[in-house]
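Structure data follow from work-v5.txt (compact mmCIF, C-alpha atoms):
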# COMPACT_ATOMS: atom_id res chain seq x y z
CA MET N 1 108.61 103.77 134.28
CA ILE N 2 105.45 102.00 133.18
CA GLU N 3 103.87 105.22 131.90
CA LEU N 4 107.14 106.30 130.28
CA TRP N 5 107.50 103.09 128.31
CA PHE N 6 103.88 103.09 127.26
CA ALA N 7 104.44 106.63 125.90
CA ILE N 8 107.60 105.48 124.08
CA ILE N 9 105.74 102.58 122.48
CA ALA N 10 102.92 104.92 121.44
CA PHE N 11 105.53 107.25 119.92
CA LEU N 12 107.14 104.39 117.98
CA TRP N 13 103.81 103.17 116.59
CA THR N 14 102.91 106.75 115.65
CA GLY N 15 106.17 107.18 113.75
CA TYR N 16 105.59 103.90 111.98
CA PHE N 17 102.09 104.76 110.84
CA VAL N 18 103.05 108.27 109.68
CA LEU N 19 106.09 107.09 107.69
CA GLU N 20 104.85 103.75 106.42
CA GLY N 21 101.46 105.33 105.74
CA PHE N 22 102.75 107.24 102.74
CA ASP N 23 104.88 104.26 101.69
CA PHE N 24 101.76 102.11 101.55
CA GLY N 25 99.84 104.84 99.72
CA VAL N 26 102.53 105.30 97.09
CA GLY N 27 102.78 101.54 96.59
CA MET N 28 99.05 101.30 95.94
CA LEU N 29 98.83 104.42 93.77
CA ALA N 30 101.96 104.14 91.60
CA PRO N 31 100.17 102.19 88.81
CA VAL N 32 97.20 104.58 89.02
CA VAL N 33 99.18 107.79 88.49
CA SER N 34 101.65 106.29 86.00
CA ARG N 35 101.07 105.78 82.30
CA ASN N 36 104.39 104.22 81.30
CA ALA N 37 107.43 102.50 82.72
CA ALA N 38 109.34 105.74 83.30
CA GLU N 39 106.50 107.26 85.32
CA GLN N 40 106.04 104.06 87.33
CA ARG N 41 109.74 104.01 88.13
CA ALA N 42 109.73 107.69 89.12
CA SER N 43 106.68 107.19 91.35
CA LEU N 44 108.33 104.36 93.25
CA GLN N 45 111.60 106.29 93.47
CA THR N 46 109.87 108.73 95.82
CA ILE N 47 109.94 106.04 98.52
CA GLY N 48 112.99 104.12 97.28
CA PRO N 49 115.52 105.62 99.72
CA VAL N 50 113.28 105.48 102.80
CA TRP N 51 110.78 102.60 102.77
CA ASP N 52 113.09 100.03 104.39
CA GLY N 53 114.21 102.52 107.04
CA ASN N 54 110.58 103.25 107.83
CA GLU N 55 110.02 99.57 108.63
CA VAL N 56 112.56 99.89 111.44
CA TRP N 57 109.90 101.78 113.41
CA LEU N 58 107.71 98.66 113.37
CA ILE N 59 110.56 96.40 114.48
CA THR N 60 111.44 98.81 117.30
CA ALA N 61 107.81 99.23 118.41
CA VAL N 62 107.21 95.47 118.56
CA GLY N 63 110.57 94.90 120.27
CA ALA N 64 109.74 97.54 122.87
CA MET N 65 106.36 95.91 123.53
CA PHE N 66 108.06 92.53 123.99
CA ALA N 67 110.62 93.90 126.44
CA ALA N 68 108.52 96.39 128.42
CA PHE N 69 105.07 94.73 128.36
CA PRO N 70 105.56 91.02 127.62
CA ALA N 71 102.02 90.03 128.65
CA TRP N 72 100.53 92.69 126.36
CA TYR N 73 102.81 91.63 123.51
CA ALA N 74 101.89 87.96 123.95
CA GLY N 75 98.18 88.70 124.17
CA VAL N 76 98.04 90.93 121.11
CA PHE N 77 100.18 88.86 118.76
CA SER N 78 98.66 85.53 119.74
CA THR N 79 95.09 86.84 119.46
CA PHE N 80 95.77 88.39 116.06
CA TYR N 81 98.13 85.74 114.79
CA LEU N 82 96.48 85.39 111.35
CA PRO N 83 96.23 89.10 110.42
CA VAL N 84 99.75 89.77 111.73
CA THR N 85 101.06 86.87 109.64
CA LEU N 86 99.30 88.29 106.58
CA ILE N 87 100.83 91.70 107.35
CA LEU N 88 104.28 90.14 107.36
CA VAL N 89 103.53 88.37 104.07
CA GLY N 90 102.48 91.72 102.61
CA LEU N 91 105.66 93.44 103.79
CA ILE N 92 107.75 90.64 102.29
CA LEU N 93 105.90 90.89 98.96
CA ARG N 94 106.37 94.65 98.86
CA GLY N 95 110.07 94.35 99.62
CA LEU N 96 110.55 91.73 96.90
CA GLY N 97 108.65 93.84 94.39
CA LEU N 98 110.61 97.00 95.09
CA GLU N 99 114.00 95.29 95.10
CA TRP N 100 113.47 93.03 92.09
CA ARG N 101 111.59 95.24 89.62
CA SER N 102 114.81 96.71 88.20
CA LYS N 103 116.39 93.26 87.88
CA VAL N 104 113.79 91.42 85.79
CA ALA N 105 112.75 91.75 82.16
CA ASN N 106 109.04 92.04 82.93
CA PRO N 107 108.41 93.92 86.19
CA ALA N 108 104.62 93.56 86.05
CA TRP N 109 104.57 90.91 88.78
CA CYS N 110 106.82 93.12 90.91
CA ASP N 111 104.39 96.03 90.58
CA LEU N 112 101.51 93.74 91.52
CA ALA N 113 103.47 92.55 94.57
CA VAL N 114 104.08 96.16 95.61
CA VAL N 115 100.36 96.99 95.34
CA ALA N 116 99.25 93.88 97.25
CA GLY N 117 102.07 94.19 99.76
CA SER N 118 101.07 97.78 100.48
CA ALA N 119 97.30 97.26 100.62
CA LEU N 120 97.40 94.26 102.98
CA PRO N 121 99.21 95.95 105.89
CA ALA N 122 97.37 99.24 105.34
CA PHE N 123 94.04 97.47 105.79
CA LEU N 124 94.96 94.84 108.36
CA TRP N 125 96.62 97.14 110.89
CA GLY N 126 93.33 99.01 111.08
CA THR N 127 91.39 95.80 111.66
CA VAL N 128 93.78 94.73 114.44
CA PHE N 129 93.61 97.97 116.41
CA ALA N 130 89.87 98.44 115.87
CA HIS N 131 89.15 94.91 117.08
CA LEU N 132 91.50 95.45 120.02
CA LEU N 133 89.50 98.53 121.04
CA PHE N 134 85.93 97.63 120.19
CA GLY N 135 85.74 93.96 119.28
CA GLY N 136 83.49 92.59 116.56
CA LEU N 137 83.86 92.04 112.84
CA LEU N 138 82.05 95.22 111.77
CA ALA N 139 84.29 97.44 113.88
CA ALA N 140 87.37 95.66 112.55
CA LEU N 141 86.31 96.10 108.92
CA LEU N 142 85.50 99.77 109.50
CA GLY N 143 88.89 100.29 111.13
CA GLY N 144 90.58 98.59 108.19
CA ALA N 145 88.66 100.71 105.69
CA PHE N 146 89.73 103.85 107.55
CA THR N 147 93.44 103.03 107.68
CA LEU N 148 93.41 101.92 104.04
CA ALA N 149 91.74 105.17 102.94
CA VAL N 150 94.06 107.33 105.05
CA CYS N 151 97.14 105.61 103.63
CA VAL N 152 95.90 106.19 100.06
CA LEU N 153 95.28 109.87 100.85
CA HIS N 154 98.62 110.28 102.65
CA GLY N 155 100.46 108.58 99.79
CA ALA N 156 98.71 110.62 97.12
CA VAL N 157 99.67 113.87 98.84
CA PHE N 158 103.25 112.61 99.21
CA LEU N 159 103.38 111.78 95.50
CA ALA N 160 102.07 115.23 94.61
CA LEU N 161 104.71 116.73 96.89
CA LYS N 162 107.61 114.68 95.52
CA THR N 163 106.99 114.45 91.76
CA THR N 164 106.62 116.72 88.76
CA GLY N 165 104.57 116.97 85.57
CA GLN N 166 101.67 114.69 84.80
CA VAL N 167 102.33 112.36 87.72
CA ARG N 168 102.07 115.29 90.12
CA ARG N 169 98.76 116.39 88.59
CA ARG N 170 97.33 112.87 88.64
CA ALA N 171 98.47 112.43 92.24
CA ARG N 172 96.67 115.63 93.21
CA THR N 173 93.50 114.37 91.53
CA ALA N 174 93.88 111.02 93.31
CA ALA N 175 94.32 112.86 96.61
CA LEU N 176 91.08 114.78 96.15
CA ALA N 177 89.23 111.57 95.28
CA ALA N 178 90.75 109.79 98.28
CA ALA N 179 89.79 112.67 100.57
CA GLY N 180 86.18 112.35 99.42
CA VAL N 181 86.19 108.74 100.65
CA THR N 182 88.36 109.19 103.73
CA LEU N 183 86.33 111.95 105.40
CA PRO N 184 83.01 110.07 105.71
CA VAL N 185 84.78 106.85 106.68
CA ALA N 186 86.67 108.77 109.37
CA VAL N 187 83.42 110.08 110.84
CA PHE N 188 82.16 106.54 111.44
CA ALA N 189 85.49 104.96 112.35
CA LEU N 190 86.64 107.59 114.84
CA SER N 191 83.31 108.47 116.43
CA GLY N 192 83.60 105.46 118.74
CA LEU N 193 86.75 106.87 120.32
CA GLY N 194 84.96 109.99 121.53
CA THR N 195 88.16 111.83 122.50
CA GLY N 196 89.56 115.23 121.63
CA PRO N 197 92.38 113.86 119.44
CA ALA N 198 89.89 111.91 117.31
CA LEU N 199 87.85 115.04 116.62
CA ALA N 200 91.04 116.95 115.85
CA ALA N 201 92.08 114.18 113.44
CA MET N 202 88.83 114.63 111.48
CA ALA N 203 89.46 118.38 111.38
CA ALA N 204 92.99 117.74 110.08
CA LEU N 205 91.61 115.55 107.29
CA ALA N 206 89.16 118.29 106.33
CA ALA N 207 92.01 120.81 106.32
CA ALA N 208 94.09 118.51 104.14
CA THR N 209 91.28 118.37 101.59
CA ALA N 210 91.12 122.17 101.38
CA LEU N 211 94.90 122.43 101.12
CA ILE N 212 95.05 119.88 98.31
CA TRP N 213 92.40 121.85 96.45
CA ARG N 214 94.58 124.96 96.83
CA ARG N 215 97.65 123.02 95.60
CA ARG N 216 99.52 123.42 98.87
CA GLU N 217 101.01 119.93 98.91
CA GLY N 218 103.50 120.56 101.71
CA TRP N 219 100.87 121.84 104.11
CA ALA N 220 98.46 119.11 103.01
CA PHE N 221 101.06 116.47 103.79
CA GLY N 222 101.53 118.01 107.22
CA ALA N 223 97.75 117.83 107.73
CA THR N 224 97.47 114.16 106.74
CA ALA N 225 100.47 113.33 108.92
CA GLY N 226 98.84 115.26 111.75
CA ALA N 227 95.61 113.30 111.29
CA ILE N 228 97.53 110.04 111.64
CA VAL N 229 99.36 111.30 114.73
CA LEU N 230 96.10 112.40 116.36
CA THR N 231 94.32 109.15 115.50
CA THR N 232 97.14 107.08 116.95
CA LEU N 233 97.13 109.27 120.05
CA ALA N 234 93.39 108.68 120.49
CA VAL N 235 93.87 104.92 120.08
CA PHE N 236 96.66 104.72 122.64
CA MET N 237 94.76 106.89 125.09
CA GLU N 238 92.12 104.16 125.06
CA LEU N 239 94.68 101.35 125.21
CA ARG N 240 96.34 102.97 128.23
CA LEU N 241 93.18 102.25 130.22
CA ARG N 242 92.73 98.71 128.92
CA PRO N 243 95.53 97.28 126.76
CA LEU N 244 93.70 93.93 126.70
CA PRO N 245 90.43 92.72 128.22
CA GLY N 246 91.05 91.96 131.89
CA LEU N 247 94.64 93.26 131.79
CA THR N 248 96.04 96.55 133.11
CA LEU N 249 99.33 98.17 132.13
CA ALA N 250 100.81 97.41 135.54
CA GLU N 251 99.93 93.72 135.17
CA ALA N 252 101.36 93.61 131.65
CA ALA N 253 104.64 95.37 132.46
CA SER N 254 108.09 93.95 133.11
CA GLY N 255 109.79 94.45 136.46
CA PRO N 256 111.39 97.75 137.56
CA TYR N 257 114.95 96.53 136.87
CA THR N 258 114.10 95.57 133.28
CA LEU N 259 112.34 98.88 132.62
CA THR N 260 115.28 100.82 134.09
CA MET N 261 117.79 99.02 131.86
CA LEU N 262 115.55 99.58 128.84
CA SER N 263 115.39 103.27 129.67
CA TRP N 264 119.17 103.60 129.61
CA ILE N 265 119.39 101.70 126.31
CA GLY N 266 116.65 103.85 124.79
CA LEU N 267 118.25 107.06 126.03
CA ILE N 268 121.47 106.15 124.22
CA ALA N 269 120.10 104.59 121.03
CA LEU N 270 116.94 106.53 120.18
CA PRO N 271 118.58 109.94 119.49
CA PHE N 272 120.99 108.33 117.02
CA VAL N 273 118.11 106.65 115.17
CA LEU N 274 116.15 109.90 114.96
CA VAL N 275 119.16 111.90 113.75
CA TYR N 276 120.05 109.30 111.13
CA GLN N 277 116.54 109.09 109.74
CA GLY N 278 116.15 112.86 109.76
CA TRP N 279 119.41 113.15 107.81
CA THR N 280 118.14 110.60 105.26
CA TYR N 281 114.99 112.60 104.60
CA TRP N 282 117.03 115.80 104.32
CA VAL N 283 119.37 114.27 101.72
CA PHE N 284 116.45 112.99 99.60
CA ARG N 285 114.21 116.03 100.12
CA LYS N 286 114.05 117.13 96.46
CA ARG N 287 111.33 116.20 93.99
CA VAL N 288 111.81 113.24 91.68
CA LEU N 289 111.87 114.53 88.12
CA VAL N 290 109.41 112.63 85.95
CA PRO N 291 110.42 112.33 82.26
CA ALA N 292 107.97 113.99 79.87
CA SER N 293 105.89 111.38 78.06
Represent the supplied structure as structure tokens.
Amino acid sequence: MIELWFAIIAFLWTGYFVLEGFDFGVGMLAPVVSRNAAEQRASLQTIGPVWDGNEVWLITAVGAMFAAFPAWYAGVFSTFYLPVTLILVGLILRGLGLEWRSKVANPAWCDLAVVAGSALPAFLWGTVFAHLLFGGLLAALLGGAFTLAVCVLHGAVFLALKTTGQVRRRARTAALAAAGVTLPVAVFALSGLGTGPALAAMAALAAATALIWRRREGWAFGATAGAIVLTTLAVFMELRLRPLPGLTLAEAASGPYTLTMLSWIGLIALPFVLVYQGWTYWVFRKRVLVPAS
């Protein structure tokens, strides 16, 4: 049960980073690839139907940590109280910006809130997990730089995949530029993990760069998503051995009865969540048409 619930939590965090990764990237890049209000609106419409649903993965992952590994949950979120608080502030700012920009006369502050609210979590989640694994300010900053760069790349590829016209072309250019930054940062950030998935993640990022160059946005998006999956896998392989200094998984876990009840709840609820979210992405699978400027 302990290993099962650790795997479930790793799966939930992986889903969160893959899905929110392109949300964060789009939020940061929308003003860069847009030249007028119509293009800005179209860029943000690519994540409009899904961004709030993607946040559910975070709520579920944290809730699962609290229920299955309360000592791990308490240790992580008390140690990193400040960055986690700033992450929540960023998510609130992003939500306000996305929801209010169509309701105000001047949406400039909303767009700024979306950029800041996307950049903060994208950077700070990397600092939290890097510090959890390696400790030290330098490692934390490098981890933050890596997650920020990957989110920009992931979001740029998503924009190129989901838009048309000039926005699509600018997004492809932004993706190539982001790839040029992400690859060297990944070499330094992931080398400390020293596991097979980390090396495969770097290979996936290199493949994404080549696919973007060949204008294969769908395959490139799969490659960036794969890089995030593999990186998260490498991180949780390390955390499985030492979730916190001086704490093992068995010591952090709830009792057998609690884990058994959680397993039944997860068995019933998780398939419905996956089917619903899959249906949402299927309904909104088409490109967003960008008006010609």
Selected residue, from N:Leu142, N:Ala61, N:Val152, N:Ala119, that lies nearest to Ala174 of chain N when counting all atoms listed in the file: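 When distances to Ala174 of chain N are compared using all atoms listed in the file, the smallest one comes from N:Val152.
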Selection near segment 101-114 of chain N, 9 Å with all atoms listed in the file, sequence-local residues under 6 positions removed, as a PyMOL selection string: chain N and resi 24+27-28+30-31+40-41+90-91+93-95
Residue among N:Ala156, N:Leu199, N:Val167, N:Ala64 lying closest to Leu289 of chain N, counting all atoms listed in the file: N:Val167
One-decimal distance in Å that lies between atom CA of Phe188 of chain N and atom CA of Glu217 of chain N: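 One can read the atom CA of Glu217 of chain N to atom CA of Phe188 of chain N distance as 26.3 Å.
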Within 12 Å of Val273 of chain N using only C-alpha atoms, minus same-chain residues under 4 positions, as number ranges by chain: N: 12, 53-54, 56-57, 60, 266-269, 277-280
Distance criterion (all atoms listed in the file): nearest to Phe66 of chain N out of N:Phe80, N:Trp5, N:Phe123, N:Phe22: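 So, comparing all the options, the nearest one is N:Trp5.
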For Val26 of chain N, the nearest of the candidates N:Trp100, N:Phe6, N:Pro70, N:Cys151, counting only C-alpha atoms: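 Residue with the minimum atom-to-atom distance to Val26 of chain N: N:Cys151.
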Point-to-point distance from atom CA of Thr164 of chain N to atom CA of Val290 of chain N, Å rounded to tenths: 5.7 Å
Can you tell me which residues surround Ala223 of chain N at a distance of at most 12 Å, considering all atoms listed in the file, apart from same-chain residues fewer than 6 positions away, and format the answer as an mmCIF file with C-alpha atoms, keeping the file's coordinate frame?
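What follows is the written file around.cif:
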data_model
loop_
_atom_site.group_PDB
_atom_site.id
_atom_site.type_symbol
_atom_site.label_atom_id
_atom_site.label_comp_id
_atom_site.auth_asym_id
_atom_site.auth_seq_id
_atom_site.Cartn_x
_atom_site.Cartn_y
_atom_site.Cartn_z
ATOM 1 C CA VAL N 18 103.050 108.270 109.680
ATOM 2 C CA VAL N 150 94.060 107.330 105.050
ATOM 3 C CA LEU N 153 95.280 109.870 100.850
ATOM 4 C CA HIS N 154 98.620 110.280 102.650
ATOM 5 C CA VAL N 157 99.670 113.870 98.840
ATOM 6 C CA PHE N 158 103.250 112.610 99.210
ATOM 7 C CA ALA N 179 89.790 112.670 100.570
ATOM 8 C CA ALA N 200 91.040 116.950 115.850
ATOM 9 C CA ALA N 201 92.080 114.180 113.440
ATOM 10 C CA MET N 202 88.830 114.630 111.480
ATOM 11 C CA ALA N 203 89.460 118.380 111.380
ATOM 12 C CA ALA N 204 92.990 117.740 110.080
ATOM 13 C CA LEU N 205 91.610 115.550 107.290
ATOM 14 C CA ALA N 206 89.160 118.290 106.330
ATOM 15 C CA ALA N 207 92.010 120.810 106.320
ATOM 16 C CA ALA N 208 94.090 118.510 104.140
ATOM 17 C CA THR N 209 91.280 118.370 101.590
ATOM 18 C CA ALA N 210 91.120 122.170 101.380
ATOM 19 C CA LEU N 211 94.900 122.430 101.120
ATOM 20 C CA ILE N 212 95.050 119.880 98.310
ATOM 21 C CA ARG N 216 99.520 123.420 98.870
ATOM 22 C CA GLU N 217 101.010 119.930 98.910
ATOM 23 C CA VAL N 229 99.360 111.300 114.730
ATOM 24 C CA LEU N 230 96.100 112.400 116.360
#
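Going from atom CA of Arg214 of chain N to atom CA of Thr182 of chain N covers 18.3 Å.
Of the listed residues N:Ile8, N:Ala116, N:Leu98, N:Leu124, the one whose atoms come nearest to Val62 of chain N is N:Ile8, with distances taken using all atoms listed in the file.
Comparing N:Ser254, N:Thr224, N:Gln166, N:Thr260 by their smallest distance to Arg35 of chain N, the closest is N:Gln166 (using all atoms listed in the file).
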Test item: residues at most 9 Å from Pro49 of chain N, only C-alpha atoms, excluding those fewer than 3 positions along its chain, as a list of chain:residue names: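 In the requested form, the answer reads N:Gln45, N:Thr46, N:Asp52, N:Gly53, N:Thr280, N:Tyr281, N:Phe284.
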Expected answer as number ranges by chain: all residues with atoms within 8 Å of (104.8, 112.4, 112.8), only C-alpha atoms: N: 14-15, 18-19, 225-226, 228-229
For Thr232 of chain N: contacts at 9 Å, all atoms listed in the file, fewer than 6 positions along chain excluded, given as a ChimeraX atom specification: /N:10-11,13-14,17,197-198
Each residue of segment 99-141 of chain N lying at most 10 Å from segment 239-252 of chain N should get a row with its shortest atom-to-atom pair and the distance in Å to one decimal, counting all atoms listed in the file; could you produce that, ordered by chain and increasing number, as a tab-separated table?
residue	atom	partner	partner_atom	distance
N:Phe129	CA	N:Leu239	CA	9.5
N:Leu132	CA	N:Leu244	CA	7.2
N:Leu133	CA	N:Leu239	CA	7.2
Test item: which residues lie within 8 Å of (92.7, 101.1, 109.3) counting all atoms listed in the file, as a list of chain:residue names: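 So the residues meeting the distance criterion are N:Ala122, N:Phe123, N:Leu124, N:Trp125, N:Gly126, N:Thr127, N:Phe129, N:Ala130, N:Leu142, N:Gly143, N:Gly144, N:Ala145, N:Phe146, N:Thr147, N:Leu148, N:Ala149, N:Val150.
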